[in-house]
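Below is run-v2.tsv, which holds TSV, C-alpha atoms and all ligand atoms.
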chain	number	residue	atom	x	y	z
N	1	MET	CA	228.29	58.08	129.97
N	2	ARG	CA	228.36	61.80	129.42
N	3	ILE	CA	228.41	64.86	131.56
N	4	VAL	CA	226.61	67.69	129.82
N	5	THR	CA	227.17	71.32	130.66
N	6	SER	CA	224.71	73.92	129.45
N	7	ASN	CA	226.09	77.47	129.10
N	8	PRO	CA	229.70	76.38	129.55
N	9	PRO	CA	231.95	79.09	130.94
N	10	THR	CA	234.20	80.93	128.53
N	11	ASN	CA	237.58	79.19	128.07
N	12	PHE	CA	235.88	75.90	128.93
N	13	ASN	CA	236.15	73.35	126.13
N	14	PRO	CA	233.21	70.97	126.36
N	15	LEU	CA	234.58	68.71	123.62
N	16	ALA	CA	237.94	68.09	125.20
N	17	SER	CA	236.32	68.09	128.61
N	18	LEU	CA	234.10	65.37	129.94
N	19	THR	CA	233.63	63.74	126.55
N	20	LEU	CA	233.32	60.04	127.14
N	21	SER	CA	232.22	57.13	125.00
N	22	ASN	CA	229.51	54.76	126.20
N	23	GLU	CA	232.15	52.31	127.37
N	24	GLY	CA	233.63	55.01	129.56
N	25	ASN	CA	236.74	55.32	127.40
N	26	SER	CA	237.99	58.82	126.95
N	27	VAL	CA	237.81	60.01	123.36
N	28	GLU	CA	240.29	62.85	123.70
N	29	THR	CA	243.87	62.76	124.85
N	30	MET	CA	244.90	65.47	127.24
N	31	ALA	CA	246.65	68.49	125.85
N	32	PHE	CA	248.58	69.13	129.06
N	33	THR	CA	252.29	69.86	129.31
N	34	ALA	CA	253.73	69.28	132.78
N	35	ASP	CA	256.39	71.63	134.20
N	36	GLU	CA	256.77	71.03	137.95
N	37	ARG	CA	255.31	68.68	140.49
N	38	LEU	CA	253.42	70.64	143.16
N	39	TYR	CA	252.28	67.84	145.37
N	40	LEU	CA	252.49	64.11	145.95
N	41	GLY	CA	249.84	62.88	148.37
N	42	ALA	CA	248.25	59.61	149.33
N	43	GLU	CA	245.41	60.04	146.86
N	44	ALA	CA	246.68	62.46	144.25
N	45	GLU	CA	249.71	63.73	142.38
N	46	VAL	CA	249.46	67.34	141.25
N	47	TRP	CA	251.53	68.93	138.48
N	48	ARG	CA	251.66	72.53	137.33
N	49	GLY	CA	252.03	73.16	133.60
N	50	SER	CA	249.95	74.40	130.71
N	51	TRP	CA	246.83	73.32	128.87
N	52	MET	CA	246.19	74.80	125.42
N	53	GLY	CA	248.67	77.53	126.35
N	54	LEU	CA	246.87	78.41	129.59
N	55	PRO	CA	248.51	78.05	133.03
N	56	ALA	CA	247.03	74.83	134.37
N	57	VAL	CA	247.24	72.13	137.00
N	58	ARG	CA	246.78	68.41	136.47
N	59	LYS	CA	245.47	66.32	139.32
N	60	GLN	CA	246.17	62.63	138.83
N	61	ARG	CA	244.56	60.16	141.16
N	62	ARG	CA	246.94	57.56	142.56
N	63	LEU	CA	246.22	53.86	142.88
N	64	ARG	CA	245.35	52.60	146.35
N	65	SER	CA	247.31	49.35	146.40
N	66	TRP	CA	245.48	47.96	149.43
N	67	ARG	CA	242.18	47.98	147.56
N	68	HIS	CA	241.15	45.51	144.90
N	69	PRO	CA	242.12	47.17	141.58
N	70	ASP	CA	238.61	46.91	140.09
N	71	LEU	CA	236.99	48.41	143.16
N	72	ASP	CA	239.67	51.08	143.39
N	73	ASP	CA	239.09	51.95	139.75
N	74	ARG	CA	235.32	52.18	140.13
N	75	LEU	CA	235.47	54.24	143.32
N	76	GLY	CA	238.14	56.49	141.89
N	77	ARG	CA	236.17	57.16	138.74
N	78	ARG	CA	232.97	57.84	140.62
N	79	ARG	CA	234.68	60.28	142.96
N	80	MET	CA	236.43	62.03	140.13
N	81	ILE	CA	233.24	62.47	138.12
N	82	ALA	CA	231.49	63.85	141.22
N	83	GLU	CA	234.37	66.30	141.75
N	84	ALA	CA	234.28	67.38	138.08
N	85	ARG	CA	230.50	67.86	138.13
N	86	LEU	CA	230.60	70.02	141.25
N	87	MET	CA	233.45	72.12	139.84
N	88	VAL	CA	231.44	72.85	136.70
N	89	ARG	CA	228.30	73.61	138.72
N	90	LEU	CA	230.13	75.98	141.08
N	91	HIS	CA	231.92	77.76	138.28
N	92	LYS	CA	228.64	78.26	136.46
N	93	SER	CA	227.19	79.74	139.66
N	94	GLY	CA	229.92	82.37	139.54
N	95	LEU	CA	232.14	81.11	142.36
N	96	ASN	CA	235.83	81.82	142.14
N	97	ILE	CA	237.17	78.27	141.99
N	98	PRO	CA	239.55	76.61	139.49
N	99	VAL	CA	238.00	76.26	136.03
N	100	LEU	CA	237.78	72.64	134.94
N	101	TYR	CA	239.49	72.28	131.56
N	102	ASP	CA	239.59	68.54	131.05
N	103	CYS	CA	238.53	65.30	132.68
N	104	ASP	CA	239.91	61.90	131.67
N	105	VAL	CA	237.92	59.28	133.54
N	106	VAL	CA	239.99	56.30	132.38
N	107	GLU	CA	243.34	57.83	133.35
N	108	GLN	CA	241.69	59.48	136.36
N	109	GLN	CA	243.03	62.93	135.65
N	110	LEU	CA	241.50	66.37	136.02
N	111	VAL	CA	243.03	69.41	134.37
N	112	MET	CA	242.02	72.80	135.76
N	113	SER	CA	243.17	76.40	135.79
N	114	ASN	CA	246.14	77.19	137.99
N	115	VAL	CA	245.20	79.32	140.99
N	116	PRO	CA	248.01	81.83	141.51
N	117	GLY	CA	249.23	82.47	145.04
N	118	GLN	CA	249.91	80.32	148.07
N	119	PRO	CA	247.95	77.84	150.14
N	120	LEU	CA	246.68	79.43	153.37
N	121	ILE	CA	248.84	77.02	155.42
N	122	GLU	CA	252.02	78.69	154.11
N	123	LEU	CA	250.84	82.17	155.08
N	124	LEU	CA	249.84	80.97	158.55
N	125	ASN	CA	253.26	79.38	159.02
N	126	ASP	CA	255.17	82.42	157.78
N	127	ALA	CA	256.36	84.18	160.93
N	128	SER	CA	257.19	87.33	158.94
N	129	ILE	CA	253.47	87.89	158.25
N	130	GLY	CA	251.72	89.70	161.10
N	131	ASP	CA	248.44	88.66	162.68
N	132	ALA	CA	246.51	91.62	161.22
N	133	THR	CA	247.36	90.55	157.65
N	134	VAL	CA	246.73	86.90	158.43
N	135	ASN	CA	243.32	87.80	159.87
N	136	ASP	CA	242.46	89.58	156.61
N	137	HIS	CA	243.24	86.32	154.79
N	138	LEU	CA	241.17	84.34	157.26
N	139	ARG	CA	238.20	86.69	156.85
N	140	ALA	CA	238.46	86.21	153.07
N	141	ALA	CA	238.54	82.44	153.64
N	142	GLY	CA	235.39	82.65	155.79
N	143	ARG	CA	233.65	84.60	153.07
N	144	SER	CA	234.58	82.03	150.39
N	145	ILE	CA	233.39	79.19	152.62
N	146	ARG	CA	230.01	80.89	153.07
N	147	MET	CA	229.83	81.51	149.29
N	148	LEU	CA	230.19	77.73	148.84
N	149	HIS	CA	227.68	76.94	151.59
N	150	ARG	CA	225.18	79.33	149.99
N	151	GLN	CA	225.18	76.95	147.00
N	152	ALA	CA	224.04	74.16	149.37
N	153	ILE	CA	227.43	72.46	149.04
N	154	VAL	CA	229.64	71.27	151.90
N	155	HIS	CA	233.34	71.07	151.14
N	156	GLY	CA	234.11	68.01	153.26
N	157	ASP	CA	237.84	68.72	153.66
N	158	LEU	CA	238.37	72.31	154.75
N	159	SER	CA	242.06	72.19	155.59
N	160	THR	CA	244.41	75.15	155.25
N	161	ASN	CA	245.97	73.26	152.29
N	162	ASN	CA	242.70	73.46	150.40
N	163	ILE	CA	242.35	77.24	150.57
N	164	MET	CA	244.53	79.19	148.13
N	165	MET	CA	245.21	82.88	148.74
N	166	THR	CA	245.67	84.89	145.56
N	167	PRO	CA	248.00	87.92	145.32
N	168	GLU	CA	244.82	90.06	145.28
N	169	GLY	CA	243.88	88.69	148.71
N	170	GLU	CA	241.03	86.50	147.54
N	171	ALA	CA	240.54	83.05	149.07
N	172	VAL	CA	239.93	80.36	146.44
N	173	LEU	CA	238.69	77.00	147.66
N	174	ILE	CA	240.14	73.96	145.87
N	175	ASP	CA	239.89	70.15	146.14
N	176	PHE	CA	236.22	69.22	145.79
N	177	GLY	CA	236.94	65.48	146.04
N	178	LEU	CA	234.74	65.14	149.14
N	179	ALA	CA	232.27	67.96	148.43
N	180	LYS	CA	228.53	67.21	148.32
N	181	ILE	CA	225.16	68.89	147.88
N	182	GLU	CA	223.60	68.78	151.35
N	183	PHE	CA	220.76	70.30	153.35
N	184	GLU	CA	221.67	69.09	156.85
N	185	THR	CA	222.80	71.81	159.26
N	186	GLU	CA	225.15	69.43	161.08
N	187	LEU	CA	227.33	68.87	158.00
N	188	TYR	CA	227.87	72.62	157.58
N	189	GLY	CA	228.78	72.94	161.25
N	190	ILE	CA	231.26	70.09	160.81
N	191	ASP	CA	232.79	71.81	157.76
N	192	LEU	CA	233.65	74.82	159.95
N	193	HIS	CA	234.70	72.61	162.84
N	194	VAL	CA	237.28	70.79	160.69
N	195	LEU	CA	238.95	74.12	159.95
N	196	PHE	CA	238.68	75.16	163.61
N	197	GLU	CA	240.50	71.99	164.73
N	198	ILE	CA	243.25	72.44	162.14
N	199	LEU	CA	243.77	76.09	163.12
N	200	GLY	CA	243.99	75.10	166.79
N	201	ALA	CA	246.27	72.11	166.25
N	202	SER	CA	248.61	73.39	163.53
N	203	HIS	CA	248.59	77.15	164.07
N	204	PRO	CA	247.98	77.73	167.81
N	205	HIS	CA	250.19	80.84	167.74
N	206	ARG	CA	247.65	82.57	165.48
N	207	GLU	CA	245.25	83.82	168.13
N	208	GLY	CA	241.74	84.78	167.09
N	209	ALA	CA	242.13	82.90	163.79
N	210	MET	CA	238.76	81.15	163.89
N	211	GLU	CA	237.02	84.36	165.02
N	212	ALA	CA	238.32	86.02	161.83
N	213	VAL	CA	237.01	83.12	159.70
N	214	LEU	CA	233.58	83.41	161.38
N	215	GLU	CA	233.55	87.18	160.85
N	216	GLY	CA	234.09	86.69	157.11
N	217	TYR	CA	231.48	83.93	157.06
N	218	ALA	CA	228.84	86.18	158.67
N	219	GLN	CA	229.86	89.27	156.69
N	220	CYS	CA	229.14	87.48	153.43
N	221	GLU	CA	225.45	87.14	154.34
N	222	ASP	CA	225.32	90.72	155.67
N	223	ASP	CA	226.58	91.90	152.27
N	224	LEU	CA	224.51	89.63	150.03
N	225	GLY	CA	221.36	88.95	152.04
N	226	PRO	CA	219.88	85.49	152.61
N	227	ALA	CA	221.03	82.72	150.24
N	228	PRO	CA	218.64	82.21	147.31
N	229	THR	CA	216.78	78.92	146.97
N	230	THR	CA	218.67	76.28	144.96
N	231	SER	CA	217.17	73.61	142.69
N	232	GLY	CA	217.28	71.18	145.64
N	233	GLY	CA	215.80	73.55	148.25
N	234	ASP	CA	216.84	76.31	150.64
N	235	PRO	CA	220.50	76.29	151.71
N	236	VAL	CA	221.09	76.15	155.48
N	237	SER	CA	221.09	79.72	156.79
N	238	MET	CA	224.24	81.43	158.02
N	239	SER	CA	222.91	81.83	161.57
N	240	ASP	CA	221.90	78.15	161.76
N	241	VAL	CA	225.40	77.06	160.66
N	242	LEU	CA	227.12	79.35	163.17
N	243	GLU	CA	224.84	78.20	165.96
N	244	ARG	CA	225.52	74.54	165.09
N	245	PHE	CA	229.25	75.15	164.91
N	246	ASP	CA	229.14	76.56	168.48
N	247	LEU	CA	227.20	73.52	169.60
N	248	ILE	CA	229.66	71.09	167.99
N	249	ARG	CA	232.57	73.00	169.52
N	250	THR	CA	231.01	72.70	172.99
N	251	ARG	CA	230.09	69.06	172.44
N	252	VAL	CA	233.64	68.15	171.40
N	253	ARG	CA	235.17	70.18	174.24
N	254	TYR	CA	233.15	68.34	176.90
N	255	HIS	CA	232.80	64.87	175.42
N	256	GLY	CA	235.90	64.57	173.26
A	301	LIG	N1	244.08	74.52	140.74
A	301	LIG	C1	245.17	74.58	141.50
A	301	LIG	N2	245.98	75.66	141.45
A	301	LIG	C2	247.11	75.73	142.21
A	301	LIG	N3	247.50	74.76	143.06
A	301	LIG	C3	246.73	73.66	143.17
A	301	LIG	C4	245.52	73.51	142.41
A	301	LIG	N4	244.98	72.31	142.69
A	301	LIG	C5	245.80	71.73	143.60
A	301	LIG	N5	246.85	72.55	143.90
A	301	LIG	C6	247.94	72.24	144.85
A	301	LIG	O1	248.07	70.84	144.99
A	301	LIG	C7	247.75	70.43	146.33
A	301	LIG	C8	247.00	69.10	146.31
A	301	LIG	O2	245.82	69.19	145.54
A	301	LIG	P1	244.42	68.64	146.10
A	301	LIG	O3	244.17	69.29	147.43
A	301	LIG	O4	243.37	68.86	145.07
A	301	LIG	O5	244.74	67.09	146.26
A	301	LIG	P2	244.19	66.09	147.40
A	301	LIG	O6	242.89	65.55	146.94
A	301	LIG	O7	244.19	66.81	148.72
A	301	LIG	O8	245.22	64.93	147.47
A	301	LIG	P3	245.38	63.97	148.76
A	301	LIG	O9	243.99	63.49	149.09
A	301	LIG	O10	246.32	62.90	148.30
A	301	LIG	O11	245.94	64.83	149.89
A	301	LIG	C9	246.96	71.59	146.93
A	301	LIG	O12	247.06	71.66	148.33
A	301	LIG	C10	247.60	72.80	146.24
A	301	LIG	O13	248.80	73.18	146.89
A	302	MG	MG	243.78	68.73	149.29
For this file, write the structure as structure tokens.
Amino acid sequence: MRIVTSNPPTNFNPLASLTLSNEGNSVETMAFTADERLYLGAEAEVWRGSWMGLPAVRKQRRLRSWRHPDLDDRLGRRRMIAEARLMVRLHKSGLNIPVLYDCDVVEQQLVMSNVPGQPLIELLNDASIGDATVNDHLRAAGRSIRMLHRQAIVHGDLSTNNIMMTPEGEAVLIDFGLAKIEFETELYGIDLHVLFEILGASHPHREGAMEAVLEGYAQCEDDLGPAPTTSGGDPVSMSDVLERFDLIRTRVRYHG
């Protein structure tokens, strides 16, 4: 099995990355040095360190003990390969997302560039940051979400943990483990609705938060014009997504 990338991005090493033998065994060992653990979750353990001298992050999938090990292994590999493929595709399209450096399918590890800054959740929870500044961050997040949607890709897990804010004020989406190429309006509406629910449940003191996200989302299209056709077809338009999001919001409000 092999994942081929044409026109690989600069500082992307196609030999160390995604190079697999037919049996699925990785040929390369990972040149990653771990410094500090950033995160220990149900599905992944994330370490910050360096890869070939570059600041990097290693995401290691964790075993799900309740699943049969063979099934867990197969599912885990499939998901990881899908995540790696989408990361390469998005980077090649010019999106500001982590650069994939290495992918070890057997060990179920991805190594990618380290995104400097803080997850959006930390900024929202920081009482010393005023609403005006927070709304700037949220507008940037909305813009980055629309940039992803313009590629005909839904994120699938738009939590405030999965949006990194850089010191320059850019919102960088991470964690493409559930992302997919899609052309159904509903799925894009749901992507926004997931974030809406999280903002309401976890950050209710930040009034107007979702409005700021939607402003950034709409502004992106105003700046760049309609999304170009992708190889799979036309991405769902900005106005269709916003309309569907409103509909989902109403539906959930009245029917739970
Ligand atoms: N490239 C990166 N740069 C900086 N920090 C990162 C990067 N990737 C992940 N992180 C940090 O690690 C955390 C977890 O990573 P990620 O969201 O990819 O794992 P996950 O799939 O959500 O794991 P789980 O499903 O177990 O929750 C992120 O919320 C972020 O704080
Ligand atoms: Mg995550």
Could you give me, as an NGL selection string, the residues that have an atom at most 7 Å away from the point (229.7, 68.0, 141.6) in the coordinates of the file, using all atoms listed in the file? :N and (82-87 or 89 or 180)
Segment 47-134 of chain N near segment 187-198 of chain N within 12 Å: what's each residue's closest atom pair and its distance in Å to one decimal, counting all atoms listed in the file, ordered by chain then ascending residue number, as JSON lines?
{"residue": "N:Leu120", "atom": "CA", "partner": "N:Leu195", "partner_atom": "CA", "distance": 11.5}
{"residue": "N:Ile121", "atom": "CA", "partner": "N:Ile198", "partner_atom": "CA", "distance": 9.9}
{"residue": "N:Leu124", "atom": "CA", "partner": "N:Ile198", "partner_atom": "CA", "distance": 11.4}
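Distance annotation: of N:Ser50, N:Thr33, N:Gln118, N:Ser159, the residue with the minimal separation from Gly200 of chain N is N:Ser159; atom set is all atoms listed in the file.
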Separation of atom CA of Glu36 of chain N from atom CA of Arg78 of chain N in Å: 27.3 Å
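Every residue having at least one atom no farther than 7 Å from ligand LIG 301 (chain A) is included below, with all atoms listed in the file taken into account: Leu38, Tyr39, Leu40, Gly41, Ala42, Glu43, Ala44, Glu45, Val46, Val57, Lys59, Pro98, Met112, Ser113, Asn114, Val115, Pro116, Pro119, Asn161, Asn162, Ile174, Asp175 and Gly177 of chain N.
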